[in-house]
Amino acid sequence: MKLSRLLIAEIRFRPMSSLVACLAVWIAAACVSGALLTLKAYDLQTDAEVLALQERAQDRMAELENEARIFAKSLGFNIFVYNSMQDLGKFYSTDTSDHFLTMEQAISLADADFEFLNHHLPILRERYDWKERAKSVIIGGIQGEIYIKQQWQEPMEVELVSGEVHLGYSLASEFNIDKGDSVQIGGRTFTVSQTRERLGTKDDITIFMNLGDAQDLLNRPGQISGILALSCNCAAGEIDPIIKGVAEIIPGASVVEFTIRAKARAQARKVIAETADKELKDIRASRAQLRKTLSGFSAIFSGFITLVSVALLLFLYGNNVRERKNEVAILRALGISIGSVHSLFMAKALILAFIGSITGSVTGIIAAFTVSANTGSFQLSNLLILTLAIILAACFLSLFACWLPTRNTAARDPGLVLNEN
Amino acid sequence: MSTLEAVGISKTYSGPDGNPVEVLEKAELCLESGGIHAIVGASGCGKSTFLMICGALLHPDSGSVRIGGQDPFILDGKGQAMDRAGLLGYVFQDFHLIPYLTVEENILASTLTLHSEDMGAKCLQIAGELGLGHRLKHRPGQLSAGEQQRVAIARALLCSPKVLIADEPTGSLDTDNGKAVMHILRDYADKGGLVLLATHNPMVAESADALYTVRDRRITSQCS
């Protein structure tokens, strides 16, 4: 006969006390695993919500960015970089520069590590006596953008090829010129590739042509009136860093900002970004606070249930040992060592703890999956580790609860116990 | 060399009021193999205590016990356990069967330590000899008092102990069952076993080969 037979027979003989012990472990394991997993699910839910909010904010920012680009395009450029020697008042009144920048300077600005400007467009603008039509017009020499560090980006202005011109609305109307017509300018024939819509500005009396053609026509080789640019939102409302930065790259250059609407738009983007950021921080803080409350409650609740379970196990095993003290004495009289008697009781506690903890853990997991959202991201390995940890803890606590009452009874002289009866 | 030798045994318990109660004082008993030896005396005089000490179930405060020449109390726990399993058998007034084991398992419980292979057959043989053949699958609760005591005796005899300690073996039995039990013990003694029992029962005392009386906390027998 083996001790295992004794163990199984005893569990079957006292099923209720074994069942209650198993239930005590089951409840504690279910509460602990359920609470831990619910908290984990809450964390995952928080992460998911914050991520979704971040994505929404990023989408909104991208929309605003695009809107701003379109808006800025409709407004035109908001920064003009020019030679600081140039009297701007005179430039505005005569539409002609006295002092120029060079194309090399424009390229050096685009190639420099200067984050405040986007979309560099060199222009040459000058009043011109259009002899063929006996008309004073403005020549606007433009080139497609000088790409920043030679990286292509969505251009804000069309690129005019050599030999083609765009005519301002007033000029096209006055001389009845349509798209596709040829015009003579300064003795050279140009094809009108576009007649522009009415803007109510000096653009209506401007002939837009390729920058190189304009430099030839006006005899300004390599010279430009300035660079139109779009200030990026990082410098919204702050022109000083731009002036300073440009002056460092192009000595003798200055900057003027001539629209505030784009600036307002950039400011709006900045506010939205800050608002989204604050909202994210608020949500994180709010959920962290709630998490702390839940965590505290779970810890108290699970701890209390575990304590009650351990107390119940102490009572049950203590009772079991008291009930079986004669049996222990007889077993020892039959030659079973103190260690074997210990192992008999411990093995029972271990079996009940194992059954209770494994079923309790599974129950807790099922409960957490039932009541919590976002449990799909639980990893199987984590669930197994949690279950294993709960089983180990339950076995340890059960062994402790069983060892306390068993140690004295098993060590007593059998004769003393039997004499007490 | 005596089979059982108890020399200078003293034992004091702590009484209910905390004061010491001296039960035995320099009690002595030396017994050879074979025969039934009965300890008699007034209730509470220390018979059972002496029996438990002789059976290595209770440490004496002083004195020594030798069973087959070996003092069990100087052995470690495992050695004591092996001594009890191999040299000693016990029968108690209240039988002390294990309630959740069957008759067969209760008898075989004495082999938990020895792990002998052929004990199954011997168990059946002893159970048959003691009239328990038809009760092997029953639990103690389903047996009469006489049957329960026979199961306890079968359990005690299964491993062929040198010494059988019996504390009031007929105390819970009627006359017929008492006689039956004494008959079994006599058979064991006649085969060379040493039975040391404590009793109040005159019939049991009369059937013993030797009587020892506990008087003034002492038992005296000649130890060479």
# chains A, B, ... in the order shown; residues from 1 in each chain; ligands from 1

$ select_by_dssp --residues "range 3-223 of chain B" --states "alpha helix (DSSP H)" --output "MDAnalysis selection string"
chainID B and resid 47:54 77:87 103:108 119:129 145:157 175:190 202:207

$ select_by_dssp --residues "range 13-226 of chain A" --states "strand (DSSP E)" --output "ChimeraX atom specification"
/A:79-83,101-102,117-130,135-142,164-167,182-185,188-195,206-210,223-224,226

$ write_last_selection --atoms "N, CA and C atoms" --output "short mmCIF file (atom, residue, chain, number, x, y, z; two decimals), in the first residue's frame"
data_model
loop_
_atom_site.label_atom_id
_atom_site.label_comp_id
_atom_site.auth_asym_id
_atom_site.auth_seq_id
_atom_site.Cartn_x
_atom_site.Cartn_y
_atom_site.Cartn_z
N ILE A 79 6.29 86.21 -47.98
CA ILE A 79 7.61 86.74 -47.60
C ILE A 79 8.32 87.21 -48.88
N PHE A 80 8.97 88.30 -48.77
CA PHE A 80 9.76 88.77 -49.92
C PHE A 80 11.16 89.09 -49.43
N VAL A 81 12.12 88.39 -50.03
CA VAL A 81 13.52 88.60 -49.67
C VAL A 81 14.12 89.50 -50.75
N TYR A 82 14.73 90.58 -50.36
CA TYR A 82 15.22 91.54 -51.35
C TYR A 82 16.54 92.15 -50.88
N ASN A 83 17.14 92.89 -51.76
CA ASN A 83 18.39 93.57 -51.42
C ASN A 83 18.07 94.71 -50.44
N LEU A 101 19.30 91.06 -56.20
CA LEU A 101 19.96 89.84 -55.68
C LEU A 101 20.36 89.03 -56.90
N THR A 102 21.16 87.98 -56.64
CA THR A 102 21.56 87.14 -57.78
C THR A 102 20.93 85.76 -57.64
N LEU A 117 11.69 78.97 -44.14
CA LEU A 117 11.07 79.33 -45.42
C LEU A 117 10.76 78.11 -46.26
N ASN A 118 9.60 78.15 -46.89
CA ASN A 118 9.22 77.12 -47.86
C ASN A 118 8.96 77.81 -49.20
N HIS A 119 9.08 77.05 -50.28
CA HIS A 119 8.69 77.52 -51.62
C HIS A 119 9.43 78.81 -52.03
N HIS A 120 10.62 78.63 -52.51
CA HIS A 120 11.44 79.79 -52.94
C HIS A 120 11.15 80.08 -54.42
N LEU A 121 10.72 81.28 -54.71
CA LEU A 121 10.43 81.64 -56.10
C LEU A 121 11.17 82.93 -56.46
N PRO A 122 12.25 82.82 -57.24
CA PRO A 122 12.99 84.04 -57.63
C PRO A 122 12.19 84.82 -58.70
N ILE A 123 12.15 86.12 -58.55
CA ILE A 123 11.43 86.93 -59.56
C ILE A 123 12.28 88.13 -59.98
N LEU A 124 12.01 88.53 -61.21
CA LEU A 124 12.58 89.80 -61.68
C LEU A 124 11.38 90.64 -62.14
N ARG A 125 11.19 91.78 -61.52
CA ARG A 125 10.00 92.58 -61.81
C ARG A 125 10.47 93.99 -62.19
N GLU A 126 9.96 94.43 -63.34
CA GLU A 126 10.43 95.76 -63.77
C GLU A 126 9.41 96.38 -64.74
N ARG A 127 9.25 97.68 -64.57
CA ARG A 127 8.38 98.42 -65.50
C ARG A 127 9.04 98.40 -66.87
N TYR A 128 8.22 98.21 -67.92
CA TYR A 128 8.79 98.05 -69.28
C TYR A 128 7.91 98.78 -70.29
N ASP A 129 8.59 99.45 -71.15
CA ASP A 129 7.87 100.18 -72.21
C ASP A 129 7.69 99.25 -73.40
N TRP A 130 6.46 98.72 -73.52
CA TRP A 130 6.19 97.73 -74.58
C TRP A 130 5.95 98.49 -75.88
N LYS A 135 2.74 100.61 -74.91
CA LYS A 135 2.06 100.44 -73.61
C LYS A 135 3.10 100.23 -72.51
N SER A 136 2.93 100.92 -71.42
CA SER A 136 3.80 100.68 -70.27
C SER A 136 3.26 99.49 -69.49
N VAL A 137 4.04 98.47 -69.38
CA VAL A 137 3.59 97.23 -68.69
C VAL A 137 4.63 96.85 -67.64
N ILE A 138 4.32 95.83 -66.93
CA ILE A 138 5.30 95.28 -65.98
C ILE A 138 5.74 93.92 -66.50
N ILE A 139 7.03 93.73 -66.52
CA ILE A 139 7.55 92.40 -66.89
C ILE A 139 7.77 91.62 -65.58
N GLY A 140 7.18 90.46 -65.53
CA GLY A 140 7.39 89.59 -64.36
C GLY A 140 8.12 88.34 -64.80
N GLY A 141 9.40 88.32 -64.53
CA GLY A 141 10.17 87.13 -64.89
C GLY A 141 10.12 86.11 -63.75
N ILE A 142 9.63 84.95 -64.06
CA ILE A 142 9.52 83.93 -63.00
C ILE A 142 10.13 82.61 -63.45
N GLU A 164 7.50 81.50 -73.97
CA GLU A 164 6.07 81.57 -73.69
C GLU A 164 5.82 82.68 -72.67
N VAL A 165 4.65 83.27 -72.75
CA VAL A 165 4.29 84.30 -71.78
C VAL A 165 2.86 84.08 -71.28
N HIS A 166 2.57 84.62 -70.11
CA HIS A 166 1.21 84.74 -69.61
C HIS A 166 0.87 86.22 -69.62
N LEU A 167 -0.26 86.54 -70.13
CA LEU A 167 -0.64 87.95 -70.17
C LEU A 167 -1.63 88.28 -69.08
N SER A 182 0.55 84.86 -80.92
CA SER A 182 1.95 85.26 -80.80
C SER A 182 2.01 86.78 -80.60
N VAL A 183 2.95 87.17 -79.77
CA VAL A 183 3.12 88.60 -79.55
C VAL A 183 4.60 88.95 -79.69
N GLN A 184 4.84 90.16 -80.12
CA GLN A 184 6.21 90.64 -80.23
C GLN A 184 6.52 91.46 -78.98
N ILE A 185 7.62 91.12 -78.30
CA ILE A 185 8.03 91.90 -77.13
C ILE A 185 9.52 92.15 -77.27
N ARG A 188 11.22 90.28 -80.02
CA ARG A 188 11.25 88.81 -79.98
C ARG A 188 9.81 88.29 -79.94
N THR A 189 9.60 87.18 -80.60
CA THR A 189 8.25 86.63 -80.67
C THR A 189 8.03 85.64 -79.51
N PHE A 190 6.91 85.87 -78.84
CA PHE A 190 6.54 84.96 -77.73
C PHE A 190 5.15 84.39 -78.00
N THR A 191 4.93 83.20 -77.54
CA THR A 191 3.60 82.58 -77.64
C THR A 191 2.87 82.80 -76.32
N VAL A 192 1.62 83.23 -76.44
CA VAL A 192 0.82 83.43 -75.22
C VAL A 192 0.25 82.07 -74.79
N SER A 193 0.76 81.53 -73.75
CA SER A 193 0.27 80.20 -73.31
C SER A 193 -0.89 80.33 -72.31
N GLN A 194 -1.11 81.53 -71.81
CA GLN A 194 -2.23 81.70 -70.88
C GLN A 194 -2.56 83.18 -70.75
N THR A 195 -3.85 83.48 -70.70
CA THR A 195 -4.27 84.83 -70.33
C THR A 195 -4.87 84.70 -68.93
N THR A 206 0.61 92.91 -66.19
CA THR A 206 1.93 92.27 -66.16
C THR A 206 2.02 91.20 -67.24
N ILE A 207 3.20 91.16 -67.85
CA ILE A 207 3.51 90.06 -68.76
C ILE A 207 4.45 89.13 -67.99
N PHE A 208 3.95 87.92 -67.73
CA PHE A 208 4.78 86.93 -67.04
C PHE A 208 5.54 86.13 -68.07
N MET A 209 6.83 86.03 -67.86
CA MET A 209 7.64 85.23 -68.80
C MET A 209 8.75 84.50 -68.04
N ASN A 210 9.41 83.60 -68.75
CA ASN A 210 10.51 82.86 -68.17
C ASN A 210 11.56 83.83 -67.66
N GLN A 223 20.39 88.55 -62.60
CA GLN A 223 19.86 89.37 -61.50
C GLN A 223 18.37 89.09 -61.28
N ILE A 224 18.00 89.25 -60.02
CA ILE A 224 16.58 89.11 -59.67
C ILE A 224 16.20 90.24 -58.71
N GLY A 226 14.12 89.83 -56.29
CA GLY A 226 14.05 89.24 -54.94
C GLY A 226 13.51 87.83 -55.01
#

$ closest_residue --among "A:Gly339, A:Gly376, A:Gly360, A:Gly187" --to "chain B" --atoms "only C-alpha atoms"
A:Gly339

$ atom_distance --atom1 "CA of Ala288 in chain A" --atom2 "CA of Asp43 in chain A"
8.9 Å

$ closest_atom_pairs --of "chain B" --to "chain A" --cutoff "6 Å" --atoms "only C-alpha atoms" --output "JSON lines"
{"residue": "B:Met52", "atom": "CA", "partner": "A:Gly415", "partner_atom": "CA", "distance": 5.4}
{"residue": "B:Leu57", "atom": "CA", "partner": "A:Gly415", "partner_atom": "CA", "distance": 4.6}
{"residue": "B:Leu58", "atom": "CA", "partner": "A:Gly415", "partner_atom": "CA", "distance": 4.8}
{"residue": "B:Lys78", "atom": "CA", "partner": "A:Ser337", "partner_atom": "CA", "distance": 5.7}
{"residue": "B:Ala81", "atom": "CA", "partner": "A:Gly335", "partner_atom": "CA", "distance": 4.1}
{"residue": "B:Met82", "atom": "CA", "partner": "A:Gly335", "partner_atom": "CA", "distance": 5.6}
{"residue": "B:Arg84", "atom": "CA", "partner": "A:Gly335", "partner_atom": "CA", "distance": 5.0}
{"residue": "B:Ala85", "atom": "CA", "partner": "A:Gly335", "partner_atom": "CA", "distance": 4.2}
{"residue": "B:Tyr100", "atom": "CA", "partner": "A:Phe13", "partner_atom": "CA", "distance": 5.6}
{"residue": "B:Ser110", "atom": "CA", "partner": "A:Leu334", "partner_atom": "CA", "distance": 5.1}
{"residue": "B:Leu112", "atom": "CA", "partner": "A:Met1", "partner_atom": "CA", "distance": 5.7}
{"residue": "B:Thr113", "atom": "CA", "partner": "A:Ile336", "partner_atom": "CA", "distance": 5.9}

$ write_last_selection --atoms "N, CA and C atoms" --output "PDB file, in the first residue's frame"
ATOM      1  N   MET B  52       2.841   2.865  26.553  1.00  0.00           N
ATOM      2  CA  MET B  52       3.233   3.734  25.427  1.00  0.00           C
ATOM      3  C   MET B  52       4.753   3.927  25.398  1.00  0.00           C
ATOM      4  N   LEU B  57       6.205   4.915  21.860  1.00  0.00           N
ATOM      5  CA  LEU B  57       5.271   5.933  21.380  1.00  0.00           C
ATOM      6  C   LEU B  57       5.311   7.198  22.236  1.00  0.00           C
ATOM      7  N   LEU B  58       6.004   7.136  23.354  1.00  0.00           N
ATOM      8  CA  LEU B  58       6.041   8.271  24.266  1.00  0.00           C
ATOM      9  C   LEU B  58       7.420   8.324  24.920  1.00  0.00           C
ATOM     10  N   LYS B  78      13.432   8.647  11.504  1.00  0.00           N
ATOM     11  CA  LYS B  78      13.250   7.571  10.542  1.00  0.00           C
ATOM     12  C   LYS B  78      13.543   6.212  11.181  1.00  0.00           C
ATOM     13  N   ALA B  81      10.747   5.226  13.378  1.00  0.00           N
ATOM     14  CA  ALA B  81       9.620   4.791  12.551  1.00  0.00           C
ATOM     15  C   ALA B  81       9.841   3.361  12.074  1.00  0.00           C
ATOM     16  N   MET B  82      11.064   3.048  11.662  1.00  0.00           N
ATOM     17  CA  MET B  82      11.361   1.696  11.178  1.00  0.00           C
ATOM     18  C   MET B  82      11.232   0.685  12.309  1.00  0.00           C
ATOM     19  N   ARG B  84       9.252   0.939  14.932  1.00  0.00           N
ATOM     20  CA  ARG B  84       7.824   0.730  15.196  1.00  0.00           C
ATOM     21  C   ARG B  84       7.206  -0.176  14.145  1.00  0.00           C
ATOM     22  N   ALA B  85       7.610   0.041  12.890  1.00  0.00           N
ATOM     23  CA  ALA B  85       7.020  -0.740  11.806  1.00  0.00           C
ATOM     24  C   ALA B  85       7.467  -2.195  11.854  1.00  0.00           C
ATOM     25  N   TYR B 100     -11.460   5.954   6.684  1.00  0.00           N
ATOM     26  CA  TYR B 100     -11.742   6.023   5.247  1.00  0.00           C
ATOM     27  C   TYR B 100     -11.098   4.885   4.457  1.00  0.00           C
ATOM     28  N   SER B 110      -0.096  -1.070   7.882  1.00  0.00           N
ATOM     29  CA  SER B 110       1.160  -1.287   8.612  1.00  0.00           C
ATOM     30  C   SER B 110       2.331  -1.536   7.664  1.00  0.00           C
ATOM     31  N   LEU B 112       2.942   0.503   5.090  1.00  0.00           N
ATOM     32  CA  LEU B 112       3.218   1.768   4.389  1.00  0.00           C
ATOM     33  C   LEU B 112       4.705   2.092   4.365  1.00  0.00           C
ATOM     34  N   THR B 113       5.399   1.704   5.428  1.00  0.00           N
ATOM     35  CA  THR B 113       6.826   1.997   5.496  1.00  0.00           C
ATOM     36  C   THR B 113       7.663   0.857   4.938  1.00  0.00           C
TER      37      THR B 113
END

$ atom_distance --atom1 "CA of Ala311 in chain A" --atom2 "CA of Lys292 in chain A"
27.9 Å

$ residues_around --residues "Ala152 in chain B" --least-positions-apart "2" --cutoff "10 Å" --atoms "only C-alpha atoms" --output "list in words"
Gly89, Tyr90, Val91, Phe92, Gln93, Asp94, Phe95, His96, Leu97, Ile98, Val103, Asn106, Ile107, Gly146, Glu147, Gln148, Gln149, Arg150, Ala154, Arg155, Ala156, Leu157 and Pro169 of chain B

$ atom_distance --atom1 "CA of Ile146 in chain A" --atom2 "CA of Ala229 in chain A"
10.2 Å

$ residues_around --residues "Arg218 in chain B" --least-positions-apart "2" --cutoff "12 Å" --atoms "only C-alpha atoms" --output "number ranges by chain"
B: 6-11, 22-29, 39-41, 45-47, 49-50, 212-216, 220-221

$ write_last_selection --atoms "C-alpha atoms" --output "PDB file, in the first residue's frame"
ATOM      1  CA  ALA B   6      12.390  -0.795  30.483  1.00  0.00           C
ATOM      2  CA  VAL B   7      14.615   0.521  33.224  1.00  0.00           C
ATOM      3  CA  GLY B   8      14.141   3.487  35.568  1.00  0.00           C
ATOM      4  CA  ILE B   9      11.195   4.894  33.673  1.00  0.00           C
ATOM      5  CA  SER B  10       9.795   8.145  35.067  1.00  0.00           C
ATOM      6  CA  LYS B  11       7.133  10.300  33.539  1.00  0.00           C
ATOM      7  CA  GLU B  22       4.022  12.371  38.408  1.00  0.00           C
ATOM      8  CA  VAL B  23       2.699   9.167  36.855  1.00  0.00           C
ATOM      9  CA  LEU B  24       5.673   6.850  36.885  1.00  0.00           C
ATOM     10  CA  GLU B  25       8.757   6.810  39.014  1.00  0.00           C
ATOM     11  CA  LYS B  26      11.627   4.515  38.234  1.00  0.00           C
ATOM     12  CA  ALA B  27       9.360   1.791  36.863  1.00  0.00           C
ATOM     13  CA  GLU B  28      11.128  -1.296  35.574  1.00  0.00           C
ATOM     14  CA  LEU B  29      10.134  -4.237  33.462  1.00  0.00           C
ATOM     15  CA  ILE B  39      -0.062  -4.794  33.691  1.00  0.00           C
ATOM     16  CA  VAL B  40      -2.842  -4.126  36.117  1.00  0.00           C
ATOM     17  CA  GLY B  41      -3.588  -1.315  38.501  1.00  0.00           C
ATOM     18  CA  CYS B  45      -2.196   4.756  37.799  1.00  0.00           C
ATOM     19  CA  GLY B  46       0.015   5.000  34.679  1.00  0.00           C
ATOM     20  CA  LYS B  47      -0.529   1.628  32.974  1.00  0.00           C
ATOM     21  CA  THR B  49       1.689   5.596  29.931  1.00  0.00           C
ATOM     22  CA  PHE B  50       4.075   2.780  30.746  1.00  0.00           C
ATOM     23  CA  TYR B 212       2.592  -6.769  37.025  1.00  0.00           C
ATOM     24  CA  THR B 213       0.897  -4.248  39.246  1.00  0.00           C
ATOM     25  CA  VAL B 214       1.470  -0.530  39.095  1.00  0.00           C
ATOM     26  CA  ARG B 215       1.612   0.649  42.658  1.00  0.00           C
ATOM     27  CA  ASP B 216       2.838   3.992  43.943  1.00  0.00           C
ATOM     28  CA  THR B 220       8.908  -3.790  39.560  1.00  0.00           C
ATOM     29  CA  SER B 221      10.162  -6.865  37.773  1.00  0.00           C
TER      30      SER B 221
END

$ closest_residue --among "A:Ala30, A:Thr46, A:Lys40, A:Ser84" --to "Ala247 in chain A" --atoms "only C-alpha atoms"
A:Ser84

$ closest_residue --among "B:Ser64, B:Gln142, B:Asn19, B:Gln80" --to "Thr102 in chain B" --atoms "only C-alpha atoms"
B:Gln142
